[in-house]
Amino acid sequence: MDKFYIVTNRLKDKDYQTTGEIKEYIEENGKECVVSEKDENGHIVPGSVPQGMECALVLGGDGTMTRAARELAEYDIPLLGVNMGTLGYLTEVELPDYKEALNFLFYNSPTVEERMMMEGEIPGRISHLAMNDIVITREGCLRVIHLNVYVNGELLNSYMADGVIISTPTGTTGYNLSAGGPIVEPTSSMFVVTPICSHTLNTSSIVFSSGDTIEVSIGEGRYGRTESASVAFDGVDMIPMETGDRIVIRKAKCTTKLIKLSKKSFMEILREKMKGN
């Protein structure tokens with residue numbers, strides 16, 4: 001690989017010292033390196049990504065990785081996560097080991113693992129990608145909301161709950177896991193639907209094919225009351241919803257490509273990350 005693109009979490013590397021060191025090391029080895037241009041909210045400026053980049057080095061944690069996956073989806077650039085966070089399920093390299101990782105990439109072709117993404121659309125309003133999950137939750141008062149979940153146009157269930165999580169396999173180690181959902185092997189292709197604190201006996205997660213279409217609508221509250229809710233894509237891009245609104249979720253056409261350098265299996269990584277948790 002000869003052309004590298006660095007995406008930095010400004011909260012993890014405020015003065016860009018680490019970013020500068022990595023950029024310098026890449027250029028000292030005769031390779032090209034470009035640091036991402038960010039706006040005031042920390043998003044990559046649209047249209048600022050150079051053509052032909054062969055690897056995006058993502059400096060941060062899992063949140064930085066999911067944001068980079070969404071914002072770079074159209075460029076089809078493989079991502080390599082350099083962990084400056086905590087658990088780092090998605091990051092492949094610990095910060096002290098970045099030179100060893102780069103030395104390998106300079107002269108070798110790494111394994112690239114594809115991960116499913118999904119797209120959520122509120123018809124007539126917005127459409128966003130997600131790598132991990134799309135979460136619909138209540139807003140305002142501390143009371144459950146009425147959620148109707150449909151699969152391919154047929155009602156699956158009506159939940160009185162704090163919300164519902166629709167997760168990709170990659171996202172099952174996140175909020176889905178905290179809500180009691182299953183962990184799914186990350187290279188598989190499926191949806192996991194997990195209610196959040198459902199006020200019924202039916203609280204189990206349900207797994208669906210990635211070819212299915214999941215739809216969640218916000219139902220009426222008690223006495224015909226209009227309920228307020230919101231939807232978040234990978235924990236950000238919060239969009240308000242209310243009774244009568246719906247979101248339609250499908251498998252995205254694009255995928256996230258992750259560079260894999262470790263020979264560790266998913267099972268071994270899972271054992272290590274879950275220790276003490």
# chains A, B, ... in the order shown; residues from 1 in each chain; ligands from 1
call {"tool": "closest_atom_pairs", "arguments": {"of": "segment 97-182 of chain A", "to": "segment 44-63 of chain A", "cutoff": "12 Å", "atoms": "only C-alpha atoms", "output": "Markdown table"}}
result
| residue | atom | partner | partner_atom | distance |
| --- | --- | --- | --- | --- |
| A:Tyr98 | CA | A:Leu57 | CA | 9.8 |
| A:Ala101 | CA | A:Leu57 | CA | 10.6 |
| A:Leu102 | CA | A:Leu57 | CA | 9.7 |
| A:Leu105 | CA | A:Cys55 | CA | 9.0 |
| A:Phe106 | CA | A:Cys55 | CA | 10.6 |
| A:Ser109 | CA | A:Glu54 | CA | 10.8 |
| A:Pro110 | CA | A:Cys55 | CA | 10.6 |
| A:Val112 | CA | A:Cys55 | CA | 10.7 |
| A:Ala130 | CA | A:Gly63 | CA | 11.6 |
| A:Met131 | CA | A:Gly63 | CA | 10.3 |
| A:Asn132 | CA | A:Gly63 | CA | 9.7 |
| A:Asp133 | CA | A:Gly63 | CA | 11.8 |
| A:Thr170 | CA | A:Asp62 | CA | 10.9 |
| A:Gly171 | CA | A:Asp62 | CA | 10.3 |
| A:Thr173 | CA | A:Asp62 | CA | 10.9 |
| A:Gly174 | CA | A:Asp62 | CA | 9.7 |
call {"tool": "residues_around", "arguments": {"residues": "Gly153 of chain A", "least_positions_apart": "3", "cutoff": "12 Å", "atoms": "only C-alpha atoms", "output": "list in words"}}
result
Asn148, Val149, Tyr150, Leu156, Asn157, Asp212, Thr213, Ile214, Glu215, Val216, Ser217, Val248 and Ile249 of chain A
call {"tool": "residues_around", "arguments": {"residues": "Val164 of chain A", "least_positions_apart": "6", "cutoff": "10 Å", "atoms": "only C-alpha atoms", "output": "PDB file with N, CA and C atoms, in the first residue's frame"}}
result
ATOM      1  N   ILE A 134     -29.400   0.777  14.635  1.00  0.00           N
ATOM      2  CA  ILE A 134     -30.381   1.855  14.569  1.00  0.00           C
ATOM      3  C   ILE A 134     -31.293   1.650  15.770  1.00  0.00           C
ATOM      4  N   VAL A 135     -31.401   2.684  16.614  1.00  0.00           N
ATOM      5  CA  VAL A 135     -32.121   2.556  17.885  1.00  0.00           C
ATOM      6  C   VAL A 135     -33.247   3.574  17.940  1.00  0.00           C
ATOM      7  N   ILE A 136     -34.457   3.086  18.178  1.00  0.00           N
ATOM      8  CA  ILE A 136     -35.614   3.956  18.355  1.00  0.00           C
ATOM      9  C   ILE A 136     -35.961   3.942  19.839  1.00  0.00           C
ATOM     10  N   THR A 137     -35.986   5.126  20.480  1.00  0.00           N
ATOM     11  CA  THR A 137     -36.226   5.206  21.919  1.00  0.00           C
ATOM     12  C   THR A 137     -37.226   6.305  22.242  1.00  0.00           C
ATOM     13  N   ARG A 138     -37.771   6.224  23.446  1.00  0.00           N
ATOM     14  CA  ARG A 138     -38.714   7.229  23.923  1.00  0.00           C
ATOM     15  C   ARG A 138     -37.991   8.547  24.189  1.00  0.00           C
ATOM     16  N   LEU A 147     -44.575   0.720  20.242  1.00  0.00           N
ATOM     17  CA  LEU A 147     -43.825   0.513  19.014  1.00  0.00           C
ATOM     18  C   LEU A 147     -44.397  -0.675  18.249  1.00  0.00           C
ATOM     19  N   ASN A 148     -44.705  -0.468  16.981  1.00  0.00           N
ATOM     20  CA  ASN A 148     -45.150  -1.556  16.114  1.00  0.00           C
ATOM     21  C   ASN A 148     -44.004  -1.943  15.185  1.00  0.00           C
ATOM     22  N   VAL A 149     -43.618  -3.212  15.208  1.00  0.00           N
ATOM     23  CA  VAL A 149     -42.508  -3.694  14.386  1.00  0.00           C
ATOM     24  C   VAL A 149     -43.051  -4.614  13.297  1.00  0.00           C
ATOM     25  N   ASN A 176     -26.973  -3.647  21.855  1.00  0.00           N
ATOM     26  CA  ASN A 176     -27.725  -4.899  21.788  1.00  0.00           C
ATOM     27  C   ASN A 176     -27.316  -5.857  22.903  1.00  0.00           C
ATOM     28  N   ALA A 179     -28.532  -4.751  26.275  1.00  0.00           N
ATOM     29  CA  ALA A 179     -29.979  -4.932  26.421  1.00  0.00           C
ATOM     30  C   ALA A 179     -30.382  -6.404  26.488  1.00  0.00           C
ATOM     31  N   VAL A 193     -33.241  -7.943  16.142  1.00  0.00           N
ATOM     32  CA  VAL A 193     -34.205  -6.998  16.707  1.00  0.00           C
ATOM     33  C   VAL A 193     -34.337  -7.283  18.200  1.00  0.00           C
ATOM     34  N   THR A 194     -34.004  -6.283  19.039  1.00  0.00           N
ATOM     35  CA  THR A 194     -34.010  -6.454  20.490  1.00  0.00           C
ATOM     36  C   THR A 194     -34.806  -5.339  21.151  1.00  0.00           C
ATOM     37  N   PRO A 195     -35.911  -5.654  21.830  1.00  0.00           N
ATOM     38  CA  PRO A 195     -36.644  -4.617  22.561  1.00  0.00           C
ATOM     39  C   PRO A 195     -35.853  -4.159  23.780  1.00  0.00           C
ATOM     40  N   ILE A 196     -36.049  -2.890  24.170  1.00  0.00           N
ATOM     41  CA  ILE A 196     -35.362  -2.320  25.329  1.00  0.00           C
ATOM     42  C   ILE A 196     -36.367  -2.214  26.471  1.00  0.00           C
ATOM     43  N   CYS A 197     -36.122  -2.978  27.528  1.00  0.00           N
ATOM     44  CA  CYS A 197     -36.992  -2.928  28.718  1.00  0.00           C
ATOM     45  C   CYS A 197     -38.466  -3.038  28.351  1.00  0.00           C
ATOM     46  N   SER A 198     -38.788  -4.070  27.621  1.00  0.00           N
ATOM     47  CA  SER A 198     -40.178  -4.280  27.185  1.00  0.00           C
ATOM     48  C   SER A 198     -41.071  -4.573  28.382  1.00  0.00           C
ATOM     49  N   SER A 205     -34.856 -11.324  21.866  1.00  0.00           N
ATOM     50  CA  SER A 205     -34.389 -10.840  20.568  1.00  0.00           C
ATOM     51  C   SER A 205     -34.859 -11.802  19.482  1.00  0.00           C
ATOM     52  N   VAL A 216     -40.406   0.079  11.715  1.00  0.00           N
ATOM     53  CA  VAL A 216     -40.858   0.398  13.077  1.00  0.00           C
ATOM     54  C   VAL A 216     -41.689   1.671  13.016  1.00  0.00           C
ATOM     55  N   VAL A 231     -34.776   8.529  16.843  1.00  0.00           N
ATOM     56  CA  VAL A 231     -34.009   7.436  16.264  1.00  0.00           C
ATOM     57  C   VAL A 231     -32.556   7.887  16.143  1.00  0.00           C
TER      58      VAL A 231
END
call {"tool": "closest_residue", "arguments": {"among": "A:Lys12, A:His43, A:Arg271, A:Lys260", "to": "Glu114 of chain A", "atoms": "only C-alpha atoms"}}
result
A:Lys260
call {"tool": "closest_residue", "arguments": {"among": "A:Pro169, A:Gly30, A:Gly221, A:Gly20", "to": "Glu242 of chain A", "atoms": "only C-alpha atoms"}}
result
A:Gly221
call {"tool": "atom_distance", "arguments": {"atom1": "atom CA of Arg67 of chain A", "atom2": "atom CA of Ile259 of chain A"}}
result
16.3 Å
call {"tool": "atom_distance", "arguments": {"atom1": "atom CA of Phe191 of chain A", "atom2": "atom CA of Ser167 of chain A"}}
result
5.7 Å
call {"tool": "residues_around", "arguments": {"residues": "Lys99 of chain A", "least_positions_apart": "4", "cutoff": "9 Å", "atoms": "only C-alpha atoms", "output": "list in words"}}
result
Ile22, Tyr25, Ile26, Leu95, Asn103 and Phe104 of chain A
call {"tool": "write_last_selection", "arguments": {"atoms": "N, CA and C atoms", "output": "JSON list (two decimals), in the first residue's frame"}}
result
[["chain", "number", "residue", "atom", "x", "y", "z"],
["A", 22, "ILE", "N", 2.46, 9.71, 13.12],
["A", 22, "ILE", "CA", 2.13, 8.62, 12.18],
["A", 22, "ILE", "C", 2.29, 9.10, 10.74],
["A", 25, "TYR", "N", 5.93, 9.22, 9.89],
["A", 25, "TYR", "CA", 6.51, 7.89, 9.70],
["A", 25, "TYR", "C", 6.15, 7.34, 8.32],
["A", 26, "ILE", "N", 4.91, 7.54, 7.90],
["A", 26, "ILE", "CA", 4.48, 7.06, 6.59],
["A", 26, "ILE", "C", 5.28, 7.74, 5.48],
["A", 95, "LEU", "N", -2.18, 1.37, 19.84],
["A", 95, "LEU", "CA", -1.36, 2.51, 19.43],
["A", 95, "LEU", "C", 0.15, 2.24, 19.47],
["A", 103, "ASN", "N", 4.48, -1.17, 8.71],
["A", 103, "ASN", "CA", 5.56, -1.86, 7.99],
["A", 103, "ASN", "C", 5.02, -3.05, 7.21],
["A", 104, "PHE", "N", 4.05, -3.73, 7.80],
["A", 104, "PHE", "CA", 3.43, -4.84, 7.08],
["A", 104, "PHE", "C", 2.65, -4.34, 5.87]]
call {"tool": "closest_residue", "arguments": {"among": "A:Val34, A:Leu258, A:Ala161, A:Leu270", "to": "Val184 of chain A", "atoms": "only C-alpha atoms"}}
result
A:Leu270
call {"tool": "closest_residue", "arguments": {"among": "A:Val207, A:Lys3, A:Val35, A:Asn29", "to": "Ile183 of chain A", "atoms": "only C-alpha atoms"}}
result
A:Val207
call {"tool": "select_by_dssp", "arguments": {"residues": "segment 125-265 of chain A", "states": "strand (DSSP E)", "output": "mmCIF file with C-alpha atoms, in the first residue's frame"}}
result
data_model
loop_
_atom_site.group_PDB
_atom_site.id
_atom_site.type_symbol
_atom_site.label_atom_id
_atom_site.label_comp_id
_atom_site.auth_asym_id
_atom_site.auth_seq_id
_atom_site.Cartn_x
_atom_site.Cartn_y
_atom_site.Cartn_z
ATOM 1 C CA ILE A 126 -34.024 11.463 5.864
ATOM 2 C CA SER A 127 -31.949 8.404 5.062
ATOM 3 C CA HIS A 128 -28.801 7.423 6.984
ATOM 4 C CA LEU A 129 -26.365 4.509 7.064
ATOM 5 C CA ALA A 130 -25.408 2.569 10.180
ATOM 6 C CA ASP A 133 -27.304 -0.268 15.044
ATOM 7 C CA ILE A 134 -30.381 1.855 14.569
ATOM 8 C CA VAL A 135 -32.121 2.556 17.885
ATOM 9 C CA ILE A 136 -35.614 3.956 18.355
ATOM 10 C CA THR A 137 -36.226 5.206 21.919
ATOM 11 C CA ARG A 138 -38.714 7.229 23.923
ATOM 12 C CA ILE A 145 -43.879 3.972 24.301
ATOM 13 C CA HIS A 146 -45.934 1.925 21.867
ATOM 14 C CA LEU A 147 -43.825 0.513 19.014
ATOM 15 C CA ASN A 148 -45.150 -1.556 16.114
ATOM 16 C CA VAL A 149 -42.508 -3.694 14.386
ATOM 17 C CA TYR A 150 -43.196 -5.074 10.880
ATOM 18 C CA VAL A 151 -41.127 -7.494 8.813
ATOM 19 C CA GLU A 154 -46.362 -8.116 8.188
ATOM 20 C CA LEU A 155 -46.768 -7.201 11.859
ATOM 21 C CA LEU A 156 -44.198 -8.963 14.016
ATOM 22 C CA ASN A 157 -45.185 -7.536 17.381
ATOM 23 C CA SER A 158 -46.387 -4.464 19.221
ATOM 24 C CA TYR A 159 -44.127 -3.545 22.116
ATOM 25 C CA MET A 160 -44.703 -1.309 25.103
ATOM 26 C CA ALA A 161 -41.060 -0.570 25.827
ATOM 27 C CA GLY A 163 -37.381 1.379 22.666
ATOM 28 C CA VAL A 164 -36.096 -1.167 20.183
ATOM 29 C CA ILE A 165 -32.639 -1.896 18.734
ATOM 30 C CA ILE A 166 -32.113 -3.099 15.175
ATOM 31 C CA SER A 167 -28.533 -4.308 14.984
ATOM 32 C CA MET A 190 -28.584 -10.610 9.301
ATOM 33 C CA PHE A 191 -30.649 -8.267 11.470
ATOM 34 C CA VAL A 192 -31.109 -8.669 15.225
ATOM 35 C CA VAL A 193 -34.205 -6.998 16.707
ATOM 36 C CA THR A 194 -34.010 -6.454 20.490
ATOM 37 C CA PRO A 195 -36.644 -4.617 22.561
ATOM 38 C CA ILE A 196 -35.362 -2.320 25.329
ATOM 39 C CA ILE A 206 -35.393 -12.096 17.117
ATOM 40 C CA VAL A 207 -33.015 -12.687 14.204
ATOM 41 C CA PHE A 208 -33.982 -11.997 10.583
ATOM 42 C CA SER A 209 -32.399 -12.442 7.173
ATOM 43 C CA ILE A 214 -37.764 -4.071 9.018
ATOM 44 C CA GLU A 215 -40.221 -1.263 9.712
ATOM 45 C CA VAL A 216 -40.858 0.398 13.077
ATOM 46 C CA SER A 217 -43.756 2.788 13.580
ATOM 47 C CA ILE A 218 -44.561 4.903 16.635
ATOM 48 C CA SER A 228 -42.439 11.539 21.243
ATOM 49 C CA ALA A 229 -39.495 9.366 20.261
ATOM 50 C CA SER A 230 -36.153 9.605 18.499
ATOM 51 C CA VAL A 231 -34.009 7.436 16.264
ATOM 52 C CA ALA A 232 -30.214 7.270 16.442
ATOM 53 C CA PHE A 233 -27.841 5.853 13.842
ATOM 54 C CA VAL A 236 -25.484 9.738 16.710
ATOM 55 C CA ASP A 237 -27.533 11.624 14.105
ATOM 56 C CA MET A 238 -30.510 11.806 16.466
ATOM 57 C CA ILE A 239 -33.755 12.391 14.549
ATOM 58 C CA PRO A 240 -37.050 13.200 16.342
ATOM 59 C CA MET A 241 -40.107 11.028 15.698
ATOM 60 C CA GLU A 242 -43.663 10.983 16.999
ATOM 61 C CA ARG A 246 -42.148 5.216 10.774
ATOM 62 C CA ILE A 247 -38.643 4.180 9.840
ATOM 63 C CA VAL A 248 -37.861 1.567 7.188
ATOM 64 C CA ILE A 249 -34.614 -0.388 7.599
ATOM 65 C CA ARG A 250 -32.879 -2.431 4.897
ATOM 66 C CA LYS A 251 -29.476 -3.900 4.231
ATOM 67 C CA ALA A 252 -27.287 -1.219 2.631
ATOM 68 C CA LYS A 253 -25.739 -1.735 -0.786
ATOM 69 C CA CYS A 254 -22.313 -0.750 0.563
ATOM 70 C CA THR A 255 -20.268 -2.638 3.144
ATOM 71 C CA THR A 256 -17.568 -1.680 5.606
ATOM 72 C CA LYS A 257 -14.168 -3.140 4.720
ATOM 73 C CA LEU A 258 -11.902 -3.765 7.708
ATOM 74 C CA ILE A 259 -8.212 -4.582 7.372
ATOM 75 C CA LYS A 260 -7.306 -7.603 9.503
#
call {"tool": "atom_distance", "arguments": {"atom1": "atom CA of Ser36 of chain A", "atom2": "atom CA of Tyr5 of chain A"}}
result
6.7 Å
call {"tool": "select_by_dssp", "arguments": {"residues": "segment 26-164 of chain A", "states": "alpha helix (DSSP H)", "output": "list of chain:residue names"}}
result
A:Ile26, A:Glu27, A:Glu28, A:Asp62, A:Gly63, A:Thr64, A:Met65, A:Thr66, A:Arg67, A:Ala68, A:Ala69, A:Arg70, A:Glu71, A:Tyr98, A:Lys99, A:Glu100, A:Ala101, A:Leu102, A:Asn103, A:Phe104, A:Leu105, A:Phe106, A:Tyr107
call {"tool": "residues_around", "arguments": {"residues": "Val93 of chain A", "least_positions_apart": "4", "cutoff": "7 Å", "atoms": "only C-alpha atoms", "output": "PyMOL selection string"}}
result
chain A and resi 81-83+97-98
call {"tool": "write_last_selection", "arguments": {"atoms": "all heavy atoms", "output": "mmCIF file, in the first residue's frame"}}
result
data_model
loop_
_atom_site.group_PDB
_atom_site.id
_atom_site.type_symbol
_atom_site.label_atom_id
_atom_site.label_comp_id
_atom_site.auth_asym_id
_atom_site.auth_seq_id
_atom_site.Cartn_x
_atom_site.Cartn_y
_atom_site.Cartn_z
ATOM 1 N N GLY A 81 -8.303 0.245 12.197
ATOM 2 C CA GLY A 81 -8.491 0.973 13.441
ATOM 3 C C GLY A 81 -7.264 0.902 14.326
ATOM 4 O O GLY A 81 -6.714 -0.181 14.568
ATOM 5 N N VAL A 82 -6.835 2.064 14.817
ATOM 6 C CA VAL A 82 -5.736 2.159 15.787
ATOM 7 C C VAL A 82 -6.352 2.601 17.105
ATOM 8 O O VAL A 82 -6.872 3.714 17.217
ATOM 9 C CB VAL A 82 -4.656 3.158 15.323
ATOM 10 C CG1 VAL A 82 -3.538 3.243 16.349
ATOM 11 C CG2 VAL A 82 -4.101 2.747 13.957
ATOM 12 N N ASN A 83 -6.305 1.734 18.102
ATOM 13 C CA ASN A 83 -7.081 1.932 19.318
ATOM 14 C C ASN A 83 -6.490 2.994 20.240
ATOM 15 O O ASN A 83 -5.383 2.853 20.748
ATOM 16 C CB ASN A 83 -7.209 0.609 20.078
ATOM 17 C CG ASN A 83 -8.185 0.703 21.232
ATOM 18 O OD1 ASN A 83 -9.088 1.536 21.224
ATOM 19 N ND2 ASN A 83 -8.010 -0.154 22.228
ATOM 20 N N ASP A 97 1.742 -0.237 18.708
ATOM 21 C CA ASP A 97 2.134 -1.188 17.669
ATOM 22 C C ASP A 97 1.918 -0.656 16.252
ATOM 23 O O ASP A 97 1.989 -1.414 15.291
ATOM 24 C CB ASP A 97 1.327 -2.487 17.832
ATOM 25 C CG ASP A 97 1.508 -3.122 19.196
ATOM 26 O OD1 ASP A 97 2.621 -3.045 19.739
ATOM 27 O OD2 ASP A 97 0.522 -3.675 19.732
ATOM 28 N N TYR A 98 1.681 0.658 16.110
ATOM 29 C CA TYR A 98 1.303 1.163 14.785
ATOM 30 C C TYR A 98 2.427 1.029 13.755
ATOM 31 O O TYR A 98 2.171 0.801 12.568
ATOM 32 C CB TYR A 98 0.810 2.612 14.874
ATOM 33 C CG TYR A 98 1.877 3.676 14.960
ATOM 34 C CD1 TYR A 98 2.512 4.154 13.809
ATOM 35 C CD2 TYR A 98 2.232 4.242 16.180
ATOM 36 C CE1 TYR A 98 3.484 5.143 13.877
ATOM 37 C CE2 TYR A 98 3.196 5.224 16.262
ATOM 38 C CZ TYR A 98 3.816 5.674 15.114
ATOM 39 O OH TYR A 98 4.785 6.644 15.192
#
call {"tool": "closest_residue", "arguments": {"among": "A:Thr111, A:Thr64, A:Thr91, A:Asn41", "to": "Val7 of chain A", "atoms": "only C-alpha atoms"}}
result
A:Thr64
